Amino acid sequence: MTTGVVFRPQLPPEELRAAVEAAEAAGIDELWLWEDCFLQGGLTTAAAALAWSSRITVGIGLLPVPFRNPALAAMELATLARMFPRRFTVALGHGVQDWMRQVGAAVDSPMTLLREHTAVVRALLAGDEVDVRGRYVALEKVQLDWPPPYAPRLLVGARGPKTVAMAGEVADGVLLDSVTDPDVVRRARELVGSGSHVAVYTPIEPSLAADAVQSWIAELEHAGADAVILQGTTEHPDHMPLIAHLTGDVG
């Protein structure tokens with residue numbers, strides 16, 4: 001199992017480099033980024049984080065699929081995966097529906113859009129030619145000229161059981177958000193199956209003792225998590241205490 005921290009986009013983007021360097025120096029496995037409206041772009045921050053590091057895996061959780069044509073999404077993801085092989089993970093998701101309506105991108109069936117979009121992106125990243133006429137996604141003989149030799153791990157961000165189950169069907173796994181109960185992880189593992197990757201965001205207060213955080217991580221791993229990503233709370237968004245919890249350097 002791997003562990004990581006979230007750089008929350010409520011912090012200004014100019015603070016990202018220091019976060020990347022601190023996580024890399026501390027030996028943290030993964031650094032995750034958000035793409036919340038209307039804060040920071042997930043792909044631009046991921047490119048910068050990858051360029052400022054040499055070892056750490058960078059994840060985006062998540063990219064709202066109504067924002068992008070899947071061909072464009074696949075082009076961007078393939079570019080990063082080729083430039084930084086085996087160091088990139090991305091989650092696709094519905095997006096917050098109020099925000100999607102706010103930008104004129106909402107659809108009648110978010111589940112259908114997410115399924116179509118994810119399936120197409122995965123196929124394009126695999127180097128396939130895609131010719132599809134779906135309810136929302138229409139591509140005519142599209143194939144990437146530069147598919148990645150190692151496709152990035154592609155997850156679906158999910159909360160409800162239907163979306164979690166779909167993640168096991170069309171993606172490499174699922175990203176669970178704001179997990180505070182290990183039963184959520186157990187149910188997700190049952191839905192996606194043993195061969196799928198289960199990544200978990202879990203909120204952590206900086207006042208917690210390091211051993212309590214480590215015990216919680218172990219509990220989530222026992223429930224079926226493959227990656228546990230610590231995220232700050234709204235009141236305490238800073239990532240530095242989370243890095244200290246993972247390294248045991250608290251006090």
# chains A, B, ... in the order shown; residues from 1 in each chain; ligands from 1

call {"tool": "residues_around", "arguments": {"residues": "Leu124 in chain A", "least_positions_apart": "4", "cutoff": "10 Å", "atoms": "only C-alpha atoms", "output": "PyMOL selection string"}}
result
chain A and resi 70-71+73-75+78+118-120+128-130+142-148+151

call {"tool": "write_last_selection", "arguments": {"atoms": "all heavy atoms", "output": "short mmCIF file (atom, residue, chain, number, x, y, z; two decimals), in the first residue's frame"}}
result
data_model
loop_
_atom_site.label_atom_id
_atom_site.label_comp_id
_atom_site.auth_asym_id
_atom_site.auth_seq_id
_atom_site.Cartn_x
_atom_site.Cartn_y
_atom_site.Cartn_z
N PRO A 70 -13.23 14.27 -24.50
CA PRO A 70 -12.36 13.16 -24.11
C PRO A 70 -11.12 13.02 -24.98
O PRO A 70 -10.09 12.53 -24.50
CB PRO A 70 -13.27 11.93 -24.21
CG PRO A 70 -14.39 12.34 -25.10
CD PRO A 70 -14.58 13.79 -24.87
N ALA A 71 -11.19 13.42 -26.23
CA ALA A 71 -9.99 13.37 -27.08
C ALA A 71 -8.94 14.34 -26.56
O ALA A 71 -7.75 14.01 -26.49
CB ALA A 71 -10.35 13.69 -28.53
N ALA A 73 -8.75 15.46 -23.44
CA ALA A 73 -8.29 14.91 -22.16
C ALA A 73 -7.24 13.84 -22.38
O ALA A 73 -6.19 13.81 -21.70
CB ALA A 73 -9.48 14.35 -21.38
N ALA A 74 -7.48 12.94 -23.33
CA ALA A 74 -6.52 11.87 -23.60
C ALA A 74 -5.20 12.42 -24.12
O ALA A 74 -4.11 11.92 -23.77
CB ALA A 74 -7.12 10.87 -24.59
N MET A 75 -5.25 13.44 -24.98
CA MET A 75 -4.03 14.06 -25.48
C MET A 75 -3.19 14.62 -24.33
O MET A 75 -1.97 14.41 -24.27
CB MET A 75 -4.37 15.17 -26.46
CG MET A 75 -4.91 14.71 -27.80
SD MET A 75 -5.67 16.05 -28.75
CE MET A 75 -4.32 17.24 -28.85
N ALA A 78 -1.86 11.74 -22.07
CA ALA A 78 -0.80 11.00 -22.75
C ALA A 78 0.50 11.78 -22.76
O ALA A 78 1.59 11.20 -22.60
CB ALA A 78 -1.24 10.68 -24.18
N THR A 118 -14.99 8.07 -19.83
CA THR A 118 -13.92 7.27 -19.26
C THR A 118 -13.52 6.14 -20.20
O THR A 118 -12.32 5.87 -20.40
CB THR A 118 -14.34 6.70 -17.90
OG1 THR A 118 -14.74 7.77 -17.03
CG2 THR A 118 -13.20 5.94 -17.26
N ALA A 119 -14.49 5.48 -20.77
CA ALA A 119 -14.19 4.37 -21.69
C ALA A 119 -13.38 4.85 -22.89
O ALA A 119 -12.43 4.18 -23.32
CB ALA A 119 -15.49 3.70 -22.14
N VAL A 120 -13.74 6.01 -23.41
CA VAL A 120 -13.03 6.55 -24.58
C VAL A 120 -11.62 6.97 -24.20
O VAL A 120 -10.64 6.68 -24.92
CB VAL A 120 -13.83 7.72 -25.18
CG1 VAL A 120 -12.94 8.55 -26.10
CG2 VAL A 120 -15.04 7.21 -25.94
N ASP A 128 -5.66 2.74 -29.00
CA ASP A 128 -6.71 2.27 -29.89
C ASP A 128 -7.26 3.40 -30.76
O ASP A 128 -7.24 4.58 -30.37
CB ASP A 128 -7.87 1.68 -29.08
CG ASP A 128 -7.46 0.46 -28.28
OD1 ASP A 128 -6.40 -0.11 -28.57
OD2 ASP A 128 -8.21 0.10 -27.35
N GLU A 129 -7.77 3.03 -31.90
CA GLU A 129 -8.57 3.95 -32.71
C GLU A 129 -10.01 3.88 -32.22
O GLU A 129 -10.56 2.80 -32.08
CB GLU A 129 -8.50 3.59 -34.19
CG GLU A 129 -9.29 4.55 -35.07
CD GLU A 129 -9.24 4.17 -36.54
OE1 GLU A 129 -8.31 4.61 -37.23
OE2 GLU A 129 -10.13 3.41 -36.98
N VAL A 130 -10.60 5.03 -31.98
CA VAL A 130 -11.93 5.08 -31.40
C VAL A 130 -12.90 5.68 -32.41
O VAL A 130 -12.69 6.79 -32.93
CB VAL A 130 -11.94 5.91 -30.10
CG1 VAL A 130 -13.37 6.05 -29.57
CG2 VAL A 130 -11.04 5.27 -29.06
N VAL A 142 -10.71 8.42 -34.20
CA VAL A 142 -9.70 9.20 -33.47
C VAL A 142 -8.68 8.26 -32.86
O VAL A 142 -9.03 7.25 -32.23
CB VAL A 142 -10.36 10.06 -32.36
CG1 VAL A 142 -9.29 10.75 -31.51
CG2 VAL A 142 -11.30 11.08 -32.98
N GLN A 143 -7.41 8.57 -33.05
CA GLN A 143 -6.32 7.78 -32.49
C GLN A 143 -5.17 8.72 -32.15
O GLN A 143 -4.81 9.60 -32.94
CB GLN A 143 -5.86 6.71 -33.48
CG GLN A 143 -4.85 5.73 -32.91
CD GLN A 143 -4.55 4.60 -33.88
OE1 GLN A 143 -4.69 4.75 -35.10
NE2 GLN A 143 -4.16 3.44 -33.36
N LEU A 144 -4.59 8.55 -30.98
CA LEU A 144 -3.47 9.39 -30.58
C LEU A 144 -2.23 9.06 -31.39
O LEU A 144 -1.89 7.89 -31.59
CB LEU A 144 -3.16 9.20 -29.09
CG LEU A 144 -4.23 9.60 -28.08
CD1 LEU A 144 -3.72 9.36 -26.66
CD2 LEU A 144 -4.65 11.05 -28.26
N ASP A 145 -1.52 10.08 -31.85
CA ASP A 145 -0.24 9.88 -32.51
C ASP A 145 0.86 9.54 -31.52
O ASP A 145 1.84 8.87 -31.88
CB ASP A 145 0.14 11.14 -33.30
CG ASP A 145 -0.70 11.31 -34.54
OD1 ASP A 145 -0.52 10.55 -35.51
OD2 ASP A 145 -1.57 12.21 -34.54
N TRP A 146 0.70 10.00 -30.28
CA TRP A 146 1.72 9.75 -29.26
C TRP A 146 1.09 9.11 -28.02
O TRP A 146 1.08 9.69 -26.94
CB TRP A 146 2.42 11.05 -28.87
CG TRP A 146 3.23 11.67 -29.97
CD1 TRP A 146 2.90 12.76 -30.71
CD2 TRP A 146 4.49 11.21 -30.47
NE1 TRP A 146 3.87 13.04 -31.63
CE2 TRP A 146 4.87 12.10 -31.51
CE3 TRP A 146 5.33 10.14 -30.14
CZ2 TRP A 146 6.06 11.94 -32.21
CZ3 TRP A 146 6.52 9.99 -30.85
CH2 TRP A 146 6.87 10.88 -31.87
N PRO A 147 0.57 7.89 -28.16
CA PRO A 147 0.05 7.22 -26.96
C PRO A 147 1.21 6.88 -26.02
O PRO A 147 2.34 6.66 -26.48
CB PRO A 147 -0.59 5.95 -27.52
CG PRO A 147 0.16 5.68 -28.79
CD PRO A 147 0.50 7.02 -29.35
N PRO A 148 0.96 6.83 -24.73
CA PRO A 148 2.05 6.56 -23.79
C PRO A 148 2.42 5.08 -23.75
O PRO A 148 1.53 4.22 -23.79
CB PRO A 148 1.47 7.01 -22.45
CG PRO A 148 0.00 6.82 -22.60
CD PRO A 148 -0.32 7.10 -24.04
N ALA A 151 0.47 3.65 -19.85
CA ALA A 151 -0.70 4.49 -19.61
C ALA A 151 -0.80 4.82 -18.13
O ALA A 151 -0.53 3.98 -17.27
CB ALA A 151 -1.97 3.79 -20.08
#

call {"tool": "closest_atom_pairs", "arguments": {"of": "range 153-176 of chain A", "to": "range 49-67 of chain A", "cutoff": "9 Å", "atoms": "only C-alpha atoms", "output": "tab-separated table"}}
result
residue	atom	partner	partner_atom	distance
A:Leu155	CA	A:Gly61	CA	8.7
A:Val156	CA	A:Leu62	CA	8.1
A:Gly157	CA	A:Leu62	CA	6.5
A:Leu175	CA	A:Gly61	CA	7.5

call {"tool": "select_by_dssp", "arguments": {"residues": "range 5-116 of chain A", "states": "alpha helix (DSSP H)", "output": "PDB file with N, CA and C atoms, in the first residue's frame"}}
result
ATOM      1  N   LEU A  16       2.733  25.753  -4.506  1.00  0.00           N
ATOM      2  CA  LEU A  16       2.806  24.348  -4.889  1.00  0.00           C
ATOM      3  C   LEU A  16       4.232  23.825  -4.911  1.00  0.00           C
ATOM      4  N   ARG A  17       5.162  24.606  -5.444  1.00  0.00           N
ATOM      5  CA  ARG A  17       6.524  24.083  -5.579  1.00  0.00           C
ATOM      6  C   ARG A  17       7.108  23.686  -4.220  1.00  0.00           C
ATOM      7  N   ALA A  18       6.902  24.516  -3.220  1.00  0.00           N
ATOM      8  CA  ALA A  18       7.416  24.184  -1.887  1.00  0.00           C
ATOM      9  C   ALA A  18       6.780  22.903  -1.356  1.00  0.00           C
ATOM     10  N   ALA A  19       5.496  22.707  -1.648  1.00  0.00           N
ATOM     11  CA  ALA A  19       4.813  21.488  -1.215  1.00  0.00           C
ATOM     12  C   ALA A  19       5.394  20.261  -1.910  1.00  0.00           C
ATOM     13  N   VAL A  20       5.637  20.375  -3.202  1.00  0.00           N
ATOM     14  CA  VAL A  20       6.218  19.258  -3.960  1.00  0.00           C
ATOM     15  C   VAL A  20       7.593  18.914  -3.415  1.00  0.00           C
ATOM     16  N   GLU A  21       8.413  19.920  -3.207  1.00  0.00           N
ATOM     17  CA  GLU A  21       9.776  19.681  -2.737  1.00  0.00           C
ATOM     18  C   GLU A  21       9.782  19.098  -1.330  1.00  0.00           C
ATOM     19  N   ALA A  22       8.858  19.559  -0.470  1.00  0.00           N
ATOM     20  CA  ALA A  22       8.778  19.016   0.889  1.00  0.00           C
ATOM     21  C   ALA A  22       8.341  17.562   0.872  1.00  0.00           C
ATOM     22  N   ALA A  23       7.343  17.236   0.042  1.00  0.00           N
ATOM     23  CA  ALA A  23       6.862  15.855  -0.039  1.00  0.00           C
ATOM     24  C   ALA A  23       7.921  14.936  -0.626  1.00  0.00           C
ATOM     25  N   GLU A  24       8.606  15.404  -1.646  1.00  0.00           N
ATOM     26  CA  GLU A  24       9.662  14.604  -2.263  1.00  0.00           C
ATOM     27  C   GLU A  24      10.802  14.354  -1.279  1.00  0.00           C
ATOM     28  N   ALA A  25      11.231  15.399  -0.572  1.00  0.00           N
ATOM     29  CA  ALA A  25      12.340  15.260   0.374  1.00  0.00           C
ATOM     30  C   ALA A  25      11.982  14.335   1.532  1.00  0.00           C
ATOM     31  N   ALA A  26      10.704  14.330   1.910  1.00  0.00           N
ATOM     32  CA  ALA A  26      10.266  13.507   3.039  1.00  0.00           C
ATOM     33  C   ALA A  26      10.065  12.043   2.656  1.00  0.00           C
ATOM     34  N   GLY A  42      -6.133  21.299 -12.889  1.00  0.00           N
ATOM     35  CA  GLY A  42      -5.495  20.059 -12.474  1.00  0.00           C
ATOM     36  C   GLY A  42      -4.318  19.662 -13.348  1.00  0.00           C
ATOM     37  N   LEU A  43      -4.430  19.829 -14.659  1.00  0.00           N
ATOM     38  CA  LEU A  43      -3.369  19.399 -15.553  1.00  0.00           C
ATOM     39  C   LEU A  43      -2.164  20.328 -15.500  1.00  0.00           C
ATOM     40  N   THR A  44      -2.406  21.630 -15.360  1.00  0.00           N
ATOM     41  CA  THR A  44      -1.277  22.559 -15.278  1.00  0.00           C
ATOM     42  C   THR A  44      -0.510  22.368 -13.987  1.00  0.00           C
ATOM     43  N   THR A  45      -1.214  22.198 -12.878  1.00  0.00           N
ATOM     44  CA  THR A  45      -0.513  21.979 -11.613  1.00  0.00           C
ATOM     45  C   THR A  45       0.189  20.630 -11.599  1.00  0.00           C
ATOM     46  N   ALA A  46      -0.417  19.606 -12.213  1.00  0.00           N
ATOM     47  CA  ALA A  46       0.239  18.291 -12.274  1.00  0.00           C
ATOM     48  C   ALA A  46       1.522  18.361 -13.083  1.00  0.00           C
ATOM     49  N   ALA A  47       1.491  19.075 -14.219  1.00  0.00           N
ATOM     50  CA  ALA A  47       2.696  19.199 -15.042  1.00  0.00           C
ATOM     51  C   ALA A  47       3.813  19.878 -14.261  1.00  0.00           C
ATOM     52  N   ALA A  48       3.470  20.932 -13.528  1.00  0.00           N
ATOM     53  CA  ALA A  48       4.480  21.627 -12.738  1.00  0.00           C
ATOM     54  C   ALA A  48       5.013  20.730 -11.629  1.00  0.00           C
ATOM     55  N   ALA A  49       4.128  20.035 -10.930  1.00  0.00           N
ATOM     56  CA  ALA A  49       4.558  19.163  -9.832  1.00  0.00           C
ATOM     57  C   ALA A  49       5.469  18.048 -10.332  1.00  0.00           C
ATOM     58  N   LEU A  50       5.151  17.472 -11.478  1.00  0.00           N
ATOM     59  CA  LEU A  50       5.989  16.425 -12.038  1.00  0.00           C
ATOM     60  C   LEU A  50       7.356  16.971 -12.447  1.00  0.00           C
ATOM     61  N   ALA A  51       7.364  18.175 -13.006  1.00  0.00           N
ATOM     62  CA  ALA A  51       8.630  18.770 -13.434  1.00  0.00           C
ATOM     63  C   ALA A  51       9.517  19.153 -12.257  1.00  0.00           C
ATOM     64  N   PRO A  70     -13.234  14.267 -24.503  1.00  0.00           N
ATOM     65  CA  PRO A  70     -12.363  13.156 -24.109  1.00  0.00           C
ATOM     66  C   PRO A  70     -11.119  13.020 -24.975  1.00  0.00           C
ATOM     67  N   ALA A  71     -11.187  13.422 -26.234  1.00  0.00           N
ATOM     68  CA  ALA A  71      -9.990  13.372 -27.080  1.00  0.00           C
ATOM     69  C   ALA A  71      -8.939  14.344 -26.557  1.00  0.00           C
ATOM     70  N   LEU A  72      -9.361  15.545 -26.178  1.00  0.00           N
ATOM     71  CA  LEU A  72      -8.429  16.520 -25.603  1.00  0.00           C
ATOM     72  C   LEU A  72      -7.876  16.013 -24.275  1.00  0.00           C
ATOM     73  N   ALA A  73      -8.746  15.456 -23.437  1.00  0.00           N
ATOM     74  CA  ALA A  73      -8.290  14.907 -22.160  1.00  0.00           C
ATOM     75  C   ALA A  73      -7.237  13.837 -22.379  1.00  0.00           C
ATOM     76  N   ALA A  74      -7.476  12.938 -23.325  1.00  0.00           N
ATOM     77  CA  ALA A  74      -6.518  11.868 -23.596  1.00  0.00           C
ATOM     78  C   ALA A  74      -5.195  12.418 -24.124  1.00  0.00           C
ATOM     79  N   MET A  75      -5.251  13.435 -24.978  1.00  0.00           N
ATOM     80  CA  MET A  75      -4.026  14.056 -25.479  1.00  0.00           C
ATOM     81  C   MET A  75      -3.191  14.621 -24.331  1.00  0.00           C
ATOM     82  N   GLU A  76      -3.840  15.330 -23.426  1.00  0.00           N
ATOM     83  CA  GLU A  76      -3.127  15.942 -22.307  1.00  0.00           C
ATOM     84  C   GLU A  76      -2.550  14.873 -21.379  1.00  0.00           C
ATOM     85  N   LEU A  77      -3.341  13.878 -21.060  1.00  0.00           N
ATOM     86  CA  LEU A  77      -2.882  12.825 -20.160  1.00  0.00           C
ATOM     87  C   LEU A  77      -1.749  12.013 -20.788  1.00  0.00           C
ATOM     88  N   ALA A  78      -1.856  11.741 -22.070  1.00  0.00           N
ATOM     89  CA  ALA A  78      -0.804  10.998 -22.752  1.00  0.00           C
ATOM     90  C   ALA A  78       0.504  11.776 -22.759  1.00  0.00           C
ATOM     91  N   THR A  79       0.422  13.077 -22.953  1.00  0.00           N
ATOM     92  CA  THR A  79       1.625  13.910 -22.954  1.00  0.00           C
ATOM     93  C   THR A  79       2.345  13.830 -21.620  1.00  0.00           C
ATOM     94  N   LEU A  80       1.605  13.978 -20.530  1.00  0.00           N
ATOM     95  CA  LEU A  80       2.225  13.897 -19.210  1.00  0.00           C
ATOM     96  C   LEU A  80       2.769  12.496 -18.937  1.00  0.00           C
ATOM     97  N   ALA A  81       2.026  11.485 -19.346  1.00  0.00           N
ATOM     98  CA  ALA A  81       2.468  10.111 -19.100  1.00  0.00           C
ATOM     99  C   ALA A  81       3.737   9.780 -19.872  1.00  0.00           C
ATOM    100  N   ARG A  82       3.902  10.349 -21.058  1.00  0.00           N
ATOM    101  CA  ARG A  82       5.125  10.109 -21.828  1.00  0.00           C
ATOM    102  C   ARG A  82       6.306  10.873 -21.232  1.00  0.00           C
ATOM    103  N   MET A  83       6.073  12.093 -20.803  1.00  0.00           N
ATOM    104  CA  MET A  83       7.171  12.891 -20.263  1.00  0.00           C
ATOM    105  C   MET A  83       7.601  12.434 -18.874  1.00  0.00           C
ATOM    106  N   GLN A  97     -22.219  19.206  -9.475  1.00  0.00           N
ATOM    107  CA  GLN A  97     -23.238  19.544 -10.470  1.00  0.00           C
ATOM    108  C   GLN A  97     -23.630  21.015 -10.458  1.00  0.00           C
ATOM    109  N   ASP A  98     -23.608  21.651  -9.292  1.00  0.00           N
ATOM    110  CA  ASP A  98     -23.894  23.090  -9.266  1.00  0.00           C
ATOM    111  C   ASP A  98     -22.869  23.859 -10.085  1.00  0.00           C
ATOM    112  N   TRP A  99     -21.612  23.463  -9.987  1.00  0.00           N
ATOM    113  CA  TRP A  99     -20.571  24.122 -10.779  1.00  0.00           C
ATOM    114  C   TRP A  99     -20.728  23.809 -12.258  1.00  0.00           C
ATOM    115  N   MET A 100     -21.089  22.573 -12.561  1.00  0.00           N
ATOM    116  CA  MET A 100     -21.260  22.212 -13.966  1.00  0.00           C
ATOM    117  C   MET A 100     -22.399  23.013 -14.599  1.00  0.00           C
ATOM    118  N   ARG A 101     -23.475  23.227 -13.831  1.00  0.00           N
ATOM    119  CA  ARG A 101     -24.565  24.075 -14.332  1.00  0.00           C
ATOM    120  C   ARG A 101     -24.104  25.520 -14.463  1.00  0.00           C
ATOM    121  N   GLN A 102     -23.285  25.968 -13.538  1.00  0.00           N
ATOM    122  CA  GLN A 102     -22.812  27.348 -13.531  1.00  0.00           C
ATOM    123  C   GLN A 102     -22.015  27.679 -14.793  1.00  0.00           C
ATOM    124  N   PRO A 110     -25.448  12.434 -15.843  1.00  0.00           N
ATOM    125  CA  PRO A 110     -24.013  12.443 -15.537  1.00  0.00           C
ATOM    126  C   PRO A 110     -23.387  11.049 -15.560  1.00  0.00           C
ATOM    127  N   MET A 111     -24.150  10.024 -15.167  1.00  0.00           N
ATOM    128  CA  MET A 111     -23.602   8.665 -15.178  1.00  0.00           C
ATOM    129  C   MET A 111     -23.248   8.222 -16.600  1.00  0.00           C
ATOM    130  N   THR A 112     -24.144   8.508 -17.547  1.00  0.00           N
ATOM    131  CA  THR A 112     -23.886   8.129 -18.930  1.00  0.00           C
ATOM    132  C   THR A 112     -22.665   8.849 -19.473  1.00  0.00           C
ATOM    133  N   LEU A 113     -22.572  10.144 -19.213  1.00  0.00           N
ATOM    134  CA  LEU A 113     -21.419  10.914 -19.677  1.00  0.00           C
ATOM    135  C   LEU A 113     -20.126  10.366 -19.087  1.00  0.00           C
ATOM    136  N   LEU A 114     -20.107  10.090 -17.791  1.00  0.00           N
ATOM    137  CA  LEU A 114     -18.892   9.609 -17.156  1.00  0.00           C
ATOM    138  C   LEU A 114     -18.472   8.259 -17.732  1.00  0.00           C
ATOM    139  N   ARG A 115     -19.435   7.376 -17.941  1.00  0.00           N
ATOM    140  CA  ARG A 115     -19.115   6.061 -18.513  1.00  0.00           C
ATOM    141  C   ARG A 115     -18.542   6.216 -19.920  1.00  0.00           C
ATOM    142  N   GLU A 116     -19.212   6.987 -20.772  1.00  0.00           N
ATOM    143  CA  GLU A 116     -18.749   7.155 -22.150  1.00  0.00           C
ATOM    144  C   GLU A 116     -17.374   7.814 -22.189  1.00  0.00           C
TER     145      GLU A 116
END

call {"tool": "select_by_dssp", "arguments": {"residues": "range 158-217 of chain A", "states": "strand (DSSP E or B)", "output": "PyMOL selection string"}}
result
chain A and resi 158+173-176+197-203

call {"tool": "atom_distance", "arguments": {"atom1": "CA of Thr247 in chain A", "atom2": "CA of Leu33 in chain A"}}
result
20.0 Å

call {"tool": "atom_distance", "arguments": {"atom1": "CA of Ala171 in chain A", "atom2": "CA of Ala225 in chain A"}}
result
16.2 Å

call {"tool": "residues_around", "arguments": {"residues": "Glu219 in chain A", "least_positions_apart": "6", "cutoff": "10 Å", "atoms": "only C-alpha atoms", "output": "ChimeraX atom specification"}}
result
/A:181-182,213,225

call {"tool": "closest_residue", "arguments": {"among": "A:Ala126, A:Ala106, A:Ala138, A:Met1", "to": "Ala223 in chain A", "atoms": "only C-alpha atoms"}}
result
A:Met1

call {"tool": "closest_atom_pairs", "arguments": {"of": "range 22-135 of chain A", "to": "range 5-13 of chain A", "cutoff": "9 Å", "atoms": "only C-alpha atoms", "output": "Markdown table"}}
result
| residue | atom | partner | partner_atom | distance |
| --- | --- | --- | --- | --- |
| A:Ala23 | CA | A:Val5 | CA | 8.1 |
| A:Ile28 | CA | A:Val5 | CA | 7.9 |
| A:Asp29 | CA | A:Val5 | CA | 8.6 |
| A:Glu30 | CA | A:Val5 | CA | 6.6 |
| A:Leu31 | CA | A:Val5 | CA | 5.2 |
| A:Trp32 | CA | A:Val6 | CA | 4.6 |
| A:Leu33 | CA | A:Phe7 | CA | 5.5 |
| A:Trp34 | CA | A:Pro9 | CA | 6.2 |
| A:Glu35 | CA | A:Pro9 | CA | 7.3 |
| A:Asp36 | CA | A:Pro9 | CA | 7.1 |
| A:Leu39 | CA | A:Pro9 | CA | 6.1 |
| A:Gln40 | CA | A:Pro9 | CA | 6.1 |
| A:Thr45 | CA | A:Pro13 | CA | 7.7 |

call {"tool": "decode", "arguments": {"residues": "range 84-105 of chain A", "atoms": "N, CA and C atoms", "output": "PDB file, in the first residue's frame"}}
result
ATOM      1  N   PHE A  84       6.643  11.879 -18.119  1.00  0.00           N
ATOM      2  CA  PHE A  84       6.922  11.450 -16.746  1.00  0.00           C
ATOM      3  C   PHE A  84       6.371  10.036 -16.534  1.00  0.00           C
ATOM      4  N   PRO A  85       6.984   9.044 -17.173  1.00  0.00           N
ATOM      5  CA  PRO A  85       6.412   7.687 -17.146  1.00  0.00           C
ATOM      6  C   PRO A  85       6.367   7.100 -15.746  1.00  0.00           C
ATOM      7  N   ARG A  86       5.251   6.402 -15.491  1.00  0.00           N
ATOM      8  CA  ARG A  86       5.034   5.650 -14.251  1.00  0.00           C
ATOM      9  C   ARG A  86       4.958   6.550 -13.012  1.00  0.00           C
ATOM     10  N   ARG A  87       4.717   7.855 -13.191  1.00  0.00           N
ATOM     11  CA  ARG A  87       4.644   8.751 -12.032  1.00  0.00           C
ATOM     12  C   ARG A  87       3.351   9.558 -12.007  1.00  0.00           C
ATOM     13  N   PHE A  88       2.339   9.076 -12.685  1.00  0.00           N
ATOM     14  CA  PHE A  88       1.154   9.903 -12.893  1.00  0.00           C
ATOM     15  C   PHE A  88      -0.104   9.057 -12.756  1.00  0.00           C
ATOM     16  N   THR A  89      -1.041   9.537 -11.941  1.00  0.00           N
ATOM     17  CA  THR A  89      -2.349   8.900 -11.754  1.00  0.00           C
ATOM     18  C   THR A  89      -3.415   9.965 -11.923  1.00  0.00           C
ATOM     19  N   VAL A  90      -4.528   9.604 -12.529  1.00  0.00           N
ATOM     20  CA  VAL A  90      -5.596  10.588 -12.714  1.00  0.00           C
ATOM     21  C   VAL A  90      -6.947   9.941 -12.434  1.00  0.00           C
ATOM     22  N   ALA A  91      -7.816  10.712 -11.812  1.00  0.00           N
ATOM     23  CA  ALA A  91      -9.198  10.290 -11.589  1.00  0.00           C
ATOM     24  C   ALA A  91     -10.133  11.204 -12.374  1.00  0.00           C
ATOM     25  N   LEU A  92     -11.100  10.603 -13.024  1.00  0.00           N
ATOM     26  CA  LEU A  92     -12.162  11.335 -13.716  1.00  0.00           C
ATOM     27  C   LEU A  92     -13.425  11.256 -12.872  1.00  0.00           C
ATOM     28  N   GLY A  93     -14.280  12.271 -12.987  1.00  0.00           N
ATOM     29  CA  GLY A  93     -15.492  12.250 -12.191  1.00  0.00           C
ATOM     30  C   GLY A  93     -16.582  13.142 -12.737  1.00  0.00           C
ATOM     31  N   HIS A  94     -17.733  13.077 -12.065  1.00  0.00           N
ATOM     32  CA  HIS A  94     -18.893  13.860 -12.490  1.00  0.00           C
ATOM     33  C   HIS A  94     -18.643  15.354 -12.399  1.00  0.00           C
ATOM     34  N   GLY A  95     -17.882  15.778 -11.391  1.00  0.00           N
ATOM     35  CA  GLY A  95     -17.813  17.196 -11.058  1.00  0.00           C
ATOM     36  C   GLY A  95     -18.997  17.579 -10.187  1.00  0.00           C
ATOM     37  N   VAL A  96     -18.855  18.652  -9.451  1.00  0.00           N
ATOM     38  CA  VAL A  96     -19.957  19.166  -8.629  1.00  0.00           C
ATOM     39  C   VAL A  96     -21.017  19.737  -9.563  1.00  0.00           C
ATOM     40  N   GLN A  97     -22.219  19.206  -9.475  1.00  0.00           N
ATOM     41  CA  GLN A  97     -23.238  19.544 -10.470  1.00  0.00           C
ATOM     42  C   GLN A  97     -23.630  21.015 -10.458  1.00  0.00           C
ATOM     43  N   ASP A  98     -23.608  21.651  -9.292  1.00  0.00           N
ATOM     44  CA  ASP A  98     -23.894  23.090  -9.266  1.00  0.00           C
ATOM     45  C   ASP A  98     -22.869  23.859 -10.085  1.00  0.00           C
ATOM     46  N   TRP A  99     -21.612  23.463  -9.987  1.00  0.00           N
ATOM     47  CA  TRP A  99     -20.571  24.122 -10.779  1.00  0.00           C
ATOM     48  C   TRP A  99     -20.728  23.809 -12.258  1.00  0.00           C
ATOM     49  N   MET A 100     -21.089  22.573 -12.561  1.00  0.00           N
ATOM     50  CA  MET A 100     -21.260  22.212 -13.966  1.00  0.00           C
ATOM     51  C   MET A 100     -22.399  23.013 -14.599  1.00  0.00           C
ATOM     52  N   ARG A 101     -23.475  23.227 -13.831  1.00  0.00           N
ATOM     53  CA  ARG A 101     -24.565  24.075 -14.332  1.00  0.00           C
ATOM     54  C   ARG A 101     -24.104  25.520 -14.463  1.00  0.00           C
ATOM     55  N   GLN A 102     -23.285  25.968 -13.538  1.00  0.00           N
ATOM     56  CA  GLN A 102     -22.812  27.348 -13.531  1.00  0.00           C
ATOM     57  C   GLN A 102     -22.015  27.679 -14.793  1.00  0.00           C
ATOM     58  N   VAL A 103     -21.286  26.685 -15.317  1.00  0.00           N
ATOM     59  CA  VAL A 103     -20.476  26.929 -16.512  1.00  0.00           C
ATOM     60  C   VAL A 103     -21.157  26.409 -17.782  1.00  0.00           C
ATOM     61  N   GLY A 104     -22.408  26.004 -17.661  1.00  0.00           N
ATOM     62  CA  GLY A 104     -23.155  25.553 -18.830  1.00  0.00           C
ATOM     63  C   GLY A 104     -22.742  24.193 -19.351  1.00  0.00           C
ATOM     64  N   ALA A 105     -22.190  23.345 -18.475  1.00  0.00           N
ATOM     65  CA  ALA A 105     -21.693  22.044 -18.914  1.00  0.00           C
ATOM     66  C   ALA A 105     -22.475  20.871 -18.343  1.00  0.00           C
TER      67      ALA A 105
END
